[in-house]
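Source file: entry-v5.txt. Holds: compact mmCIF, C-alpha atoms and all ligand atoms.
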```
# COMPACT_ATOMS: atom_id res chain seq x y z
CA MET A 1 107.92 117.76 144.44
CA PRO A 2 106.88 117.45 140.79
CA LYS A 3 105.44 114.16 139.63
CA PRO A 4 107.81 111.78 137.80
CA SER A 5 107.03 111.26 134.11
CA ALA A 6 104.11 109.29 132.73
CA HIS A 7 106.66 106.93 131.16
CA LEU A 8 107.93 106.02 134.60
CA ALA A 9 104.38 105.28 135.74
CA LYS A 10 104.01 102.80 132.86
CA LEU A 11 106.71 100.48 134.19
CA PRO A 12 105.33 97.19 135.48
CA PRO A 13 104.92 97.12 139.25
CA TYR A 14 107.82 95.66 141.19
CA LEU A 15 106.44 92.25 142.13
CA PHE A 16 108.81 91.25 144.84
CA ALA A 17 108.66 94.01 147.43
CA GLU A 18 106.93 91.67 149.92
CA VAL A 19 109.48 88.92 149.33
CA ASP A 20 112.35 91.37 149.70
CA LYS A 21 110.92 92.45 153.05
CA LYS A 22 110.76 88.83 154.21
CA ILE A 23 114.35 88.25 153.07
CA ASP A 24 115.56 91.33 154.93
CA ALA A 25 113.67 90.28 158.06
CA ALA A 26 115.09 86.73 157.94
CA ARG A 27 118.62 88.06 157.41
CA ALA A 28 118.21 90.49 160.29
CA ALA A 29 117.06 87.59 162.48
CA GLY A 30 120.28 85.77 161.66
CA VAL A 31 118.74 83.09 159.40
CA ASP A 32 121.35 81.45 157.15
CA ILE A 33 119.87 82.27 153.76
CA ILE A 34 121.16 80.65 150.57
CA SER A 35 120.43 82.84 147.59
CA LEU A 36 120.23 81.14 144.22
CA ALA A 37 118.42 84.15 142.81
CA ILE A 38 121.11 86.45 141.57
CA GLY A 39 122.88 86.34 138.22
CA ASP A 40 126.09 87.76 139.62
CA PRO A 41 129.23 85.57 139.74
CA ASP A 42 130.47 84.69 143.23
CA LEU A 43 134.07 84.22 142.10
CA PRO A 44 136.57 87.09 141.80
CA THR A 45 137.86 88.67 138.61
CA PRO A 46 140.96 86.77 137.36
CA SER A 47 144.04 88.18 139.07
CA PHE A 48 145.95 89.10 135.93
CA VAL A 49 143.01 91.30 134.89
CA VAL A 50 143.09 92.99 138.31
CA ASP A 51 146.88 93.42 138.00
CA SER A 52 146.44 94.90 134.56
CA LEU A 53 143.97 97.46 135.95
CA CYS A 54 146.29 98.37 138.84
CA ALA A 55 149.15 99.03 136.45
CA ALA A 56 146.91 101.02 134.12
CA VAL A 57 145.58 103.20 136.95
CA LYS A 58 149.14 104.28 137.74
CA ASP A 59 149.63 105.57 134.21
CA PRO A 60 148.41 109.19 134.06
CA GLU A 61 147.59 108.66 130.38
CA THR A 62 144.46 106.78 131.57
CA HIS A 63 143.18 109.60 133.78
CA ASN A 64 141.38 111.86 131.35
CA TYR A 65 138.25 111.29 129.24
CA ALA A 66 138.31 108.25 127.00
CA PRO A 67 137.36 108.56 123.32
CA TYR A 68 133.57 108.20 123.08
CA HIS A 69 133.54 105.04 121.00
CA GLY A 70 136.36 103.33 122.94
CA THR A 71 140.15 103.44 122.88
CA LYS A 72 141.92 102.14 119.79
CA PRO A 73 143.60 99.24 121.66
CA PHE A 74 140.24 98.18 123.15
CA ARG A 75 138.47 98.27 119.78
CA ASP A 76 141.39 96.36 118.23
CA ALA A 77 141.18 93.73 121.00
CA VAL A 78 137.43 93.37 120.32
CA THR A 79 138.08 93.09 116.58
CA SER A 80 140.64 90.33 116.94
CA TRP A 81 138.51 88.50 119.52
CA MET A 82 135.51 88.54 117.14
CA LYS A 83 137.79 87.15 114.41
CA THR A 84 139.46 84.39 116.41
CA ARG A 85 136.39 83.42 118.42
CA PHE A 86 133.69 83.56 115.73
CA GLY A 87 135.49 84.09 112.42
CA VAL A 88 133.58 87.39 112.14
CA SER A 89 135.33 90.45 110.67
CA VAL A 90 134.35 93.86 111.99
CA ASP A 91 135.78 97.29 111.20
CA PRO A 92 137.23 98.65 114.48
CA GLU A 93 136.44 102.22 113.36
CA LYS A 94 132.76 101.85 112.45
CA GLU A 95 131.55 98.50 113.70
CA VAL A 96 132.77 98.43 117.31
CA LEU A 97 131.51 100.56 120.20
CA ALA A 98 132.67 100.38 123.83
CA LEU A 99 129.85 100.20 126.39
CA ILE A 100 129.64 100.89 130.13
CA GLY A 101 128.31 97.36 130.49
CA SER A 102 125.92 95.98 127.89
CA LYS A 103 122.80 97.04 129.83
CA GLU A 104 123.23 100.72 129.01
CA GLY A 105 123.89 99.83 125.37
CA LEU A 106 120.68 97.81 125.11
CA ALA A 107 118.67 100.59 126.75
CA HIS A 108 120.24 103.40 124.74
CA MET A 109 119.65 101.51 121.49
CA ILE A 110 115.94 101.78 122.25
CA LEU A 111 116.30 105.50 122.93
CA ALA A 112 118.16 105.82 119.61
CA TYR A 113 115.36 104.27 117.55
CA ILE A 114 111.99 104.45 119.22
CA ASN A 115 109.44 107.20 118.71
CA PRO A 116 106.22 107.14 120.73
CA GLY A 117 104.03 104.33 119.37
CA ASP A 118 106.86 102.41 117.65
CA VAL A 119 106.90 98.69 118.32
CA VAL A 120 109.77 96.74 119.88
CA LEU A 121 109.66 92.93 119.69
CA CYS A 122 110.58 91.60 123.13
CA PRO A 123 110.99 87.97 124.18
CA SER A 124 109.05 86.68 127.19
CA PRO A 125 110.44 85.38 129.46
CA GLY A 126 113.34 87.78 129.02
CA TYR A 127 115.79 90.24 130.48
CA PRO A 128 113.48 93.05 131.67
CA VAL A 129 115.43 95.95 130.11
CA TYR A 130 114.06 95.38 126.57
CA ASN A 131 110.44 95.70 127.66
CA ASN A 132 110.88 98.33 130.33
CA TYR A 133 113.12 100.74 128.45
CA THR A 134 110.71 100.57 125.52
CA LEU A 135 108.03 101.79 127.93
CA LEU A 136 110.37 104.54 129.18
CA CYS A 137 110.72 105.74 125.58
CA GLY A 138 106.95 105.73 124.98
CA GLY A 139 107.24 102.73 122.64
CA GLU A 140 105.06 99.65 122.53
CA PRO A 141 106.65 96.37 123.58
CA TYR A 142 105.21 93.42 121.66
CA THR A 143 105.69 90.19 123.57
CA MET A 144 107.11 87.20 121.72
CA PRO A 145 106.27 84.22 123.95
CA MET A 146 108.91 81.50 124.22
CA GLU A 147 107.71 77.97 124.94
CA ALA A 148 109.59 74.94 126.18
CA ALA A 149 108.10 72.85 123.35
CA ASP A 150 109.85 75.14 120.82
CA GLY A 151 113.18 75.10 122.66
CA PHE A 152 112.36 78.61 123.96
CA LEU A 153 112.72 80.07 120.46
CA PRO A 154 109.90 82.51 119.58
CA ASP A 155 107.62 81.68 116.66
CA LEU A 156 108.25 84.51 114.20
CA LYS A 157 105.34 83.37 112.03
CA ALA A 158 103.00 84.19 114.92
CA ILE A 159 103.92 87.90 114.76
CA PRO A 160 101.02 89.70 113.03
CA PRO A 161 102.05 91.49 109.80
CA ASP A 162 100.88 94.91 111.04
CA ILE A 163 103.03 94.51 114.19
CA ALA A 164 106.00 93.44 112.06
CA ARG A 165 105.50 96.53 109.90
CA ARG A 166 105.45 98.89 112.90
CA ALA A 167 108.37 97.20 114.64
CA LYS A 168 111.78 98.88 114.48
CA LEU A 169 113.76 96.68 116.85
CA MET A 170 113.77 93.00 117.77
CA PHE A 171 115.58 91.82 120.89
CA LEU A 172 116.86 88.28 121.26
CA ASN A 173 119.26 86.71 123.74
CA TYR A 174 120.96 83.34 123.16
CA PRO A 175 122.36 81.65 125.18
CA ASN A 176 119.31 82.80 127.05
CA ASN A 177 118.68 84.34 130.42
CA PRO A 178 116.54 83.02 132.13
CA THR A 179 115.90 79.74 130.25
CA GLY A 180 119.45 78.64 129.38
CA ALA A 181 118.19 77.92 125.84
CA ILE A 182 120.42 78.18 122.78
CA ALA A 183 119.67 79.28 119.22
CA THR A 184 119.93 76.94 116.26
CA GLU A 185 121.61 78.15 113.09
CA GLY A 186 118.32 77.76 111.23
CA PHE A 187 116.57 80.01 113.74
CA ILE A 188 119.26 82.72 113.48
CA LYS A 189 118.95 82.68 109.68
CA GLU A 190 115.17 82.95 110.00
CA CYS A 191 115.56 86.00 112.29
CA VAL A 192 117.96 87.73 109.92
CA GLU A 193 115.55 87.08 107.04
CA PHE A 194 112.55 88.30 109.05
CA CYS A 195 114.32 91.51 110.09
CA ARG A 196 115.55 92.17 106.55
CA ASN A 197 112.05 91.70 105.11
CA ASN A 198 110.45 93.94 107.71
CA ASP A 199 113.17 96.61 107.99
CA ILE A 200 113.88 95.81 111.64
CA LEU A 201 117.18 96.22 113.47
CA LEU A 202 117.98 92.89 115.12
CA CYS A 203 119.55 93.50 118.55
CA HIS A 204 121.18 90.35 119.78
CA ASP A 205 122.20 90.29 123.43
CA ASN A 206 125.08 87.79 123.57
CA ALA A 207 125.99 88.31 127.26
CA TYR A 208 126.43 84.54 127.78
CA SER A 209 128.32 83.63 124.60
CA GLU A 210 131.24 82.19 126.56
CA MET A 211 129.34 80.38 129.30
CA THR A 212 128.76 76.97 127.71
CA PHE A 213 129.24 73.30 128.61
CA ASP A 214 129.51 69.80 127.17
CA GLY A 215 131.55 70.99 124.18
CA TYR A 216 128.90 73.45 122.95
CA ARG A 217 130.22 76.75 121.55
CA ALA A 218 127.68 79.56 121.10
CA PRO A 219 127.66 81.39 117.76
CA SER A 220 127.67 85.10 116.96
CA PHE A 221 124.54 86.10 115.02
CA LEU A 222 126.94 88.10 112.85
CA GLY A 223 128.36 84.82 111.57
CA VAL A 224 125.26 84.34 109.40
CA PRO A 225 125.90 85.74 105.90
CA GLY A 226 124.24 89.13 105.50
CA ALA A 227 123.54 89.54 109.23
CA ALA A 228 125.69 92.68 109.55
CA GLU A 229 123.17 94.47 107.30
CA VAL A 230 120.45 94.15 109.93
CA CYS A 231 122.09 93.18 113.21
CA VAL A 232 123.91 94.72 116.15
CA GLU A 233 125.27 92.32 118.75
CA PHE A 234 125.92 93.20 122.39
CA PHE A 235 128.64 91.54 124.42
CA SER A 236 129.52 91.95 128.07
CA LEU A 237 132.62 91.12 130.06
CA SER A 238 130.45 90.91 133.20
CA LYS A 239 129.47 87.25 133.21
CA MET A 240 132.32 86.13 130.92
CA TYR A 241 135.15 86.98 133.30
CA ASN A 242 133.47 87.75 136.66
CA MET A 243 133.53 91.49 136.00
CA THR A 244 129.97 92.63 136.73
CA GLY A 245 131.06 95.56 138.87
CA TRP A 246 133.58 96.85 136.37
CA ARG A 247 130.94 98.00 133.86
CA VAL A 248 132.45 97.16 130.51
CA GLY A 249 131.03 95.61 127.37
CA PHE A 250 130.79 96.37 123.68
CA ALA A 251 128.46 96.43 120.70
CA VAL A 252 129.52 95.20 117.26
CA GLY A 253 127.86 94.97 113.86
CA ASN A 254 125.72 97.25 111.72
CA ALA A 255 127.49 100.61 111.33
CA ALA A 256 124.32 102.72 111.05
CA GLY A 257 122.89 101.13 114.20
CA LEU A 258 126.10 101.78 116.10
CA LYS A 259 126.25 105.35 114.84
CA ALA A 260 122.76 106.04 116.20
CA LEU A 261 123.61 104.37 119.51
CA GLY A 262 126.90 106.30 119.66
CA THR A 263 125.05 109.59 119.18
CA VAL A 264 122.81 108.88 122.18
CA LYS A 265 125.88 107.95 124.21
CA ASN A 266 127.83 111.07 123.14
CA ASN A 267 125.03 113.06 124.69
CA THR A 268 124.69 110.89 127.78
CA ASP A 269 127.97 109.50 129.07
CA SER A 270 131.64 110.10 128.52
CA GLY A 271 132.99 106.65 127.88
CA VAL A 272 134.57 103.80 129.83
CA PHE A 273 137.52 104.61 132.13
CA LYS A 274 140.63 104.01 129.99
CA ALA A 275 142.30 101.88 132.66
CA ILE A 276 139.29 99.54 132.60
CA GLN A 277 139.48 99.34 128.80
CA ARG A 278 143.14 98.30 129.07
CA ALA A 279 142.34 95.54 131.56
CA ALA A 280 139.33 94.47 129.46
CA ALA A 281 141.54 94.20 126.36
CA ALA A 282 143.97 92.04 128.36
CA ALA A 283 141.09 89.76 129.43
CA LEU A 284 139.82 89.41 125.85
CA GLY A 285 143.34 88.45 124.78
CA ARG A 286 143.27 85.42 127.08
CA SER A 287 139.55 84.69 126.82
CA ASP A 288 139.54 80.95 126.15
CA GLU A 289 141.90 80.26 129.00
CA LEU A 290 139.69 82.22 131.44
CA THR A 291 136.35 80.84 130.33
CA ALA A 292 137.54 77.21 130.18
CA GLY A 293 138.30 77.30 133.91
CA LEU A 294 135.03 79.01 134.81
CA ASN A 295 132.90 76.75 132.66
CA LYS A 296 134.33 73.72 134.37
CA ILE A 297 133.17 75.13 137.70
CA TYR A 298 129.70 76.14 136.47
CA GLY A 299 129.28 72.86 134.59
CA HIS A 300 130.03 70.93 137.74
CA ARG A 301 127.56 73.02 139.76
CA ARG A 302 124.94 72.48 137.07
CA ASP A 303 125.44 68.70 137.36
CA ILE A 304 125.01 68.85 141.14
CA ALA A 305 121.80 70.88 140.82
CA VAL A 306 120.33 68.70 138.08
CA GLU A 307 121.15 65.51 139.96
CA GLY A 308 119.70 66.92 143.20
CA LEU A 309 116.48 68.05 141.53
CA ARG A 310 116.10 64.73 139.75
CA ALA A 311 116.38 62.96 143.08
CA LEU A 312 113.45 65.14 144.20
CA GLY A 313 111.34 64.05 141.26
CA TRP A 314 112.06 66.77 138.70
CA ASP A 315 112.56 65.52 135.18
CA PHE A 316 114.25 67.92 132.81
CA LYS A 317 117.03 68.16 130.28
CA PRO A 318 120.08 70.05 131.55
CA ASN A 319 120.94 73.12 129.48
CA VAL A 320 124.34 73.48 127.82
CA ALA A 321 124.76 77.21 128.41
CA THR A 322 124.47 79.99 131.02
CA PHE A 323 124.74 79.64 134.80
CA TYR A 324 120.95 79.39 135.12
CA LEU A 325 118.56 76.49 135.43
CA TRP A 326 114.98 77.16 134.36
CA VAL A 327 112.89 74.70 136.27
CA PRO A 328 109.12 74.06 136.21
CA VAL A 329 107.35 74.70 139.50
CA PRO A 330 105.40 71.76 140.92
CA PRO A 331 101.99 71.26 139.28
CA GLY A 332 99.25 73.51 140.59
CA MET A 333 101.56 76.17 142.07
CA LYS A 334 102.34 79.71 140.99
CA SER A 335 105.99 80.70 140.65
CA THR A 336 105.69 83.36 143.36
CA GLU A 337 104.01 80.88 145.73
CA PHE A 338 106.74 78.35 145.16
CA SER A 339 109.58 80.83 145.74
CA ALA A 340 107.86 82.18 148.88
CA MET A 341 107.55 78.61 150.16
CA LEU A 342 111.26 77.89 149.56
CA LEU A 343 112.17 81.03 151.45
CA GLU A 344 109.89 80.21 154.35
CA LYS A 345 110.62 76.49 154.71
CA CYS A 346 114.22 76.24 153.51
CA ALA A 347 115.66 79.78 153.68
CA VAL A 348 116.54 79.28 150.01
CA ILE A 349 115.89 82.04 147.51
CA VAL A 350 115.11 81.34 143.85
CA ALA A 351 113.80 83.79 141.25
CA PRO A 352 110.10 83.28 140.37
CA GLY A 353 109.59 82.99 136.62
CA LEU A 354 106.94 85.71 136.58
CA GLY A 355 109.71 88.27 137.17
CA TYR A 356 110.85 87.67 133.58
CA GLY A 357 107.48 88.37 131.99
CA PRO A 358 104.08 86.67 131.83
CA ALA A 359 105.44 83.68 129.86
CA GLY A 360 107.81 83.02 132.76
CA GLU A 361 104.92 81.86 134.95
CA GLY A 362 105.18 78.19 135.84
CA TYR A 363 108.96 78.27 136.24
CA PHE A 364 111.62 79.32 138.69
CA ARG A 365 115.22 80.24 137.97
CA ILE A 366 118.21 78.92 139.84
CA ALA A 367 121.49 80.81 139.43
CA LEU A 368 124.56 78.65 139.94
CA THR A 369 126.36 81.49 141.67
CA VAL A 370 127.16 79.83 145.00
CA PRO A 371 129.94 77.38 145.90
CA GLU A 372 129.27 73.67 145.50
CA GLU A 373 128.76 73.01 149.22
CA ARG A 374 126.11 75.74 149.50
CA LEU A 375 124.32 74.30 146.50
CA ARG A 376 124.34 70.83 148.10
CA GLU A 377 123.11 72.35 151.36
CA ALA A 378 120.23 74.09 149.54
CA LEU A 379 119.19 70.82 147.90
CA LYS A 380 119.40 69.01 151.21
CA ARG A 381 117.10 71.61 152.75
CA LEU A 382 114.52 71.00 150.02
CA GLU A 383 114.67 67.28 150.66
CA THR A 384 114.33 67.75 154.42
CA ALA A 385 111.33 70.06 153.98
CA GLY A 386 109.62 67.50 151.74
CA ILE A 387 109.69 69.75 148.70
CA ARG A 388 109.38 67.61 145.61
CA TRP A 389 108.16 67.90 142.03
CA THR A 390 104.92 66.25 143.09
CA MET A 391 104.27 67.00 146.71
CA THR A 392 102.37 64.24 148.45
CA GLN A 393 101.60 66.53 151.34
CA ALA A 394 100.17 69.69 149.84
CA PRO A 395 101.70 72.83 151.33
CA GLU A 396 99.12 75.24 152.81
CA LYS A 397 99.74 77.88 150.15
CA ARG A 398 98.88 75.41 147.43
CA ALA A 399 95.60 74.44 149.01
CA ALA A 400 94.70 78.11 149.25
CA GLY A 401 95.56 78.87 145.61
C1 LIG B 1 123.60 90.36 133.00
C2 LIG B 1 122.94 90.59 131.70
C3 LIG B 1 123.18 91.75 130.95
C4 LIG B 1 123.92 92.96 131.51
O1 LIG B 1 125.23 92.85 131.56
P1 LIG B 1 126.13 94.11 131.91
O2 LIG B 1 127.15 94.07 130.83
O3 LIG B 1 126.67 93.86 133.25
O4 LIG B 1 125.33 95.36 131.82
C5 LIG B 1 122.58 91.88 129.71
N1 LIG B 1 121.79 90.93 129.24
C6 LIG B 1 121.51 89.82 129.92
C7 LIG B 1 120.60 88.82 129.33
C8 LIG B 1 122.07 89.62 131.18
O5 LIG B 1 121.74 88.53 131.88
```
Can the structure from this file be put into structure tokens for me?
Amino acid sequence: MPKPSAHLAKLPPYLFAEVDKKIDAARAAGVDIISLAIGDPDLPTPSFVVDSLCAAVKDPETHNYAPYHGTKPFRDAVTSWMKTRFGVSVDPEKEVLALIGSKEGLAHMILAYINPGDVVLCPSPGYPVYNNYTLLCGGEPYTMPMEAADGFLPDLKAIPPDIARRAKLMFLNYPNNPTGAIATEGFIKECVEFCRNNDILLCHDNAYSEMTFDGYRAPSFLGVPGAAEVCVEFFSLSKMYNMTGWRVGFAVGNAAGLKALGTVKNNTDSGVFKAIQRAAAAALGRSDELTAGLNKIYGHRRDIAVEGLRALGWDFKPNVATFYLWVPVPPGMKSTEFSAMLLEKCAVIVAPGLGYGPAGEGYFRIALTVPEERLREALKRLETAGIRWTMTQAPEKRAAG
């Protein structure tokens, strides 16, 4: 066999192979594992969306190739959703592109812009695609660390001028995975200004725009005046409407950016199944109704988790967006040690912060993707095992590290 490319060899090592083995072994031994590690909704897709797909599948008009940039009704549904939801006007012909889930769009945007040696500004902690696909394209990821003290917003003034000059893309994601942080209007304006001054395409991953609580409504970056000149925004139906397996999303905004992305896609894939686009358009048409119900459920789970962790000594401010909690690991422990300990002592899986980049160390991520009673059970197991923010009885792993 030939050797895979040098780009592939540059990807960071997969850190969790050992943990995965332990999880598999425990599952095989019949241990009742509660996984709070996966950002994949546990609830089904709303039934009217499923019905809409079933009807669409029976129409032979949906059976052939879809237009590359999306069907007209899908692009129109996106256009009117952007208008009613954010007050943002986009041209359905040039400023909307259907995606096979937002992940491929984010990755292909990098392929569309990055020559070997070009810089991509990537947040850390962050969704791994930005960093890793940059490496696959021979580009140079530049890490923008995000700190709790700054509300997990990167400090743009800390980016060296020569890096800013060489950068072609900047990735941001608010509401944020994994931290649950949100962007202020001032910060969005600062990003638009920074990207305009440095000739950078701002790629905003808005996968969690609809998953918000306590009355908070997340903005579109395109709502900032002038943003469309420098920004493409990526949306996904995956987390919004429990549709991760369906693979449908869209990109909106800067026409030149979308044209470049569309050219990569023309040469890579052949569009989203038309029946899925019909169902996706139906979902977008009843968006607020769908997300209101889901946010009530996630908000309630968040409250249970926050309350449970507080009872165990954790002190932190609950986030108002995303189905994640980004929680500091007890003092003196590494994130991988802490998650290994939870698995071993409680059969509870959480995601160690290190998996989201070096700046993720010191945290773990809980995904609120299990029913309430499983969440309560997980918290009870922590309590029973004596796992607290400050552990009076040091676990063996801690003593060793
Ligand atoms: C889940 C997720 C995505 C990918 O969503 P798909 O549309 O399913 O590809 C993109 N960005 C972030 C931050 C995510 O958490």
Mind listing the residues within 6 Å of ligand LIG 1 (chain B), all atoms listed in the file counted, as a JSON list (two decimals) with C-alpha atoms, in the coordinates of the input?
```json
[["chain", "number", "residue", "atom", "x", "y", "z"],
["A", 101, "GLY", "CA", 128.31, 97.36, 130.49],
["A", 102, "SER", "CA", 125.92, 95.98, 127.89],
["A", 103, "LYS", "CA", 122.80, 97.04, 129.83],
["A", 127, "TYR", "CA", 115.79, 90.24, 130.48],
["A", 177, "ASN", "CA", 118.68, 84.34, 130.42],
["A", 205, "ASP", "CA", 122.20, 90.29, 123.43],
["A", 207, "ALA", "CA", 125.99, 88.31, 127.26],
["A", 236, "SER", "CA", 129.52, 91.95, 128.07],
["A", 238, "SER", "CA", 130.45, 90.91, 133.20],
["A", 244, "THR", "CA", 129.97, 92.63, 136.73],
["A", 247, "ARG", "CA", 130.94, 98.00, 133.86],
["A", 249, "GLY", "CA", 131.03, 95.61, 127.37]]
```
I want to know what sits within 7 Å of Phe213 in chain A, based on all atoms listed in the file, with residues of the same chain fewer than 3 positions away left out; could you give that as a PDB file with C-alpha atoms, in the frame of the given file?
```
ATOM      1  CA  TYR A 216     128.900  73.450 122.950  1.00  0.00           C
ATOM      2  CA  ASN A 295     132.900  76.750 132.660  1.00  0.00           C
ATOM      3  CA  GLY A 299     129.280  72.860 134.590  1.00  0.00           C
ATOM      4  CA  VAL A 320     124.340  73.480 127.820  1.00  0.00           C
ATOM      5  CA  ALA A 321     124.760  77.210 128.410  1.00  0.00           C
TER       6      ALA A 321
END
```
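One distance worth recording is that between CA of Leu342 in chain A and CA of Phe152 in chain A, which is 25.6 Å.
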Inset, instruction - Can you work out which one of A:Arg165, A:Ala149, A:Pro73, A:Gly87 has the shortest atom-to-atom distance to Asp118 in chain A, counting only C-alpha atoms? - result: A:Arg165
Inset, instruction - Starting from the point (113.0, 87.4, 130.4), work out which residues of protein, DNA or RNA have an atom no more than 10 Å away when counting only C-alpha atoms; state them as a ChimeraX atom specification. - result: /A:122-131,145-146,172-173,176-179,353-360
Legend entry - Separation of CA of Thr322 in chain A from CA of Ile38 in chain A in Å: 12.8 Å
Inset, instruction - Tell me which of A:Val19, A:Ala28, A:Ala305, A:Cys54 sits closest to Pro318 in chain A, counting all atoms listed in the file. - result: A:Ala305
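Distance check against Gly293 in chain A using all atoms listed in the file: of A:Thr212, A:Leu36, A:Val78, A:Asn64, the minimum falls on A:Thr212.
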Legend entry - Spatial neighbours of range 219-226 of chain A, 10 Å, all atoms listed in the file, chain gap at least 3 places, as an MDAnalysis selection string: chainID A and resid 82 85:90 174:175 182:186 188:189 191:193 196 202:206 209:210 216 229:235 252:254
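Counting all atoms listed in the file, the residue from A:Gly271, A:Gly285, A:Gly308, A:Pro331 that sits nearest to Pro67 in chain A is A:Gly271.
Distance-wise, CA of Asn115 in chain A and CA of Leu15 in chain A end up 27.9 Å apart.
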Inset, instruction - Would you mind telling me which residue in A:Pro328, A:Asn198, A:Phe74, A:Ala55 lies nearest to Pro161 in chain A when using only C-alpha atoms? - result: A:Asn198
Inset, instruction - Tell me which of A:Val329, A:Ala292, A:Ala56, A:Ile23 sits closest to Arg217 in chain A, counting all atoms listed in the file. - result: A:Ala292
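Taking all atoms listed in the file into account, the protein, DNA and RNA residues within 10 Å of (141.0, 85.4, 124.1) read Ala77, Val78, Ser80, Trp81, Met82, Thr84, Arg85, Ala281, Ala282, Ala283, Leu284, Gly285, Arg286, Ser287, Asp288, Glu289, Leu290 and Thr291 of chain A.
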May I have the centre and edge lengths, in Å to one decimal, of an axis-aligned box around the listed atoms of range 14-31 of chain A with 6 Å added to every side, as lines of an AutoDock Vina configuration file?
```
center_x = 113.4
center_y = 89.4
center_z = 151.8
size_x = 25.8
size_y = 24.6
size_z = 33.3
```
Legend entry - Shell of 12 Å around Tyr65 in chain A, all atoms listed in the file, local chain residues under 5 positions omitted, as a PyMOL selection string: chain A and resi 60+70-71+269-275
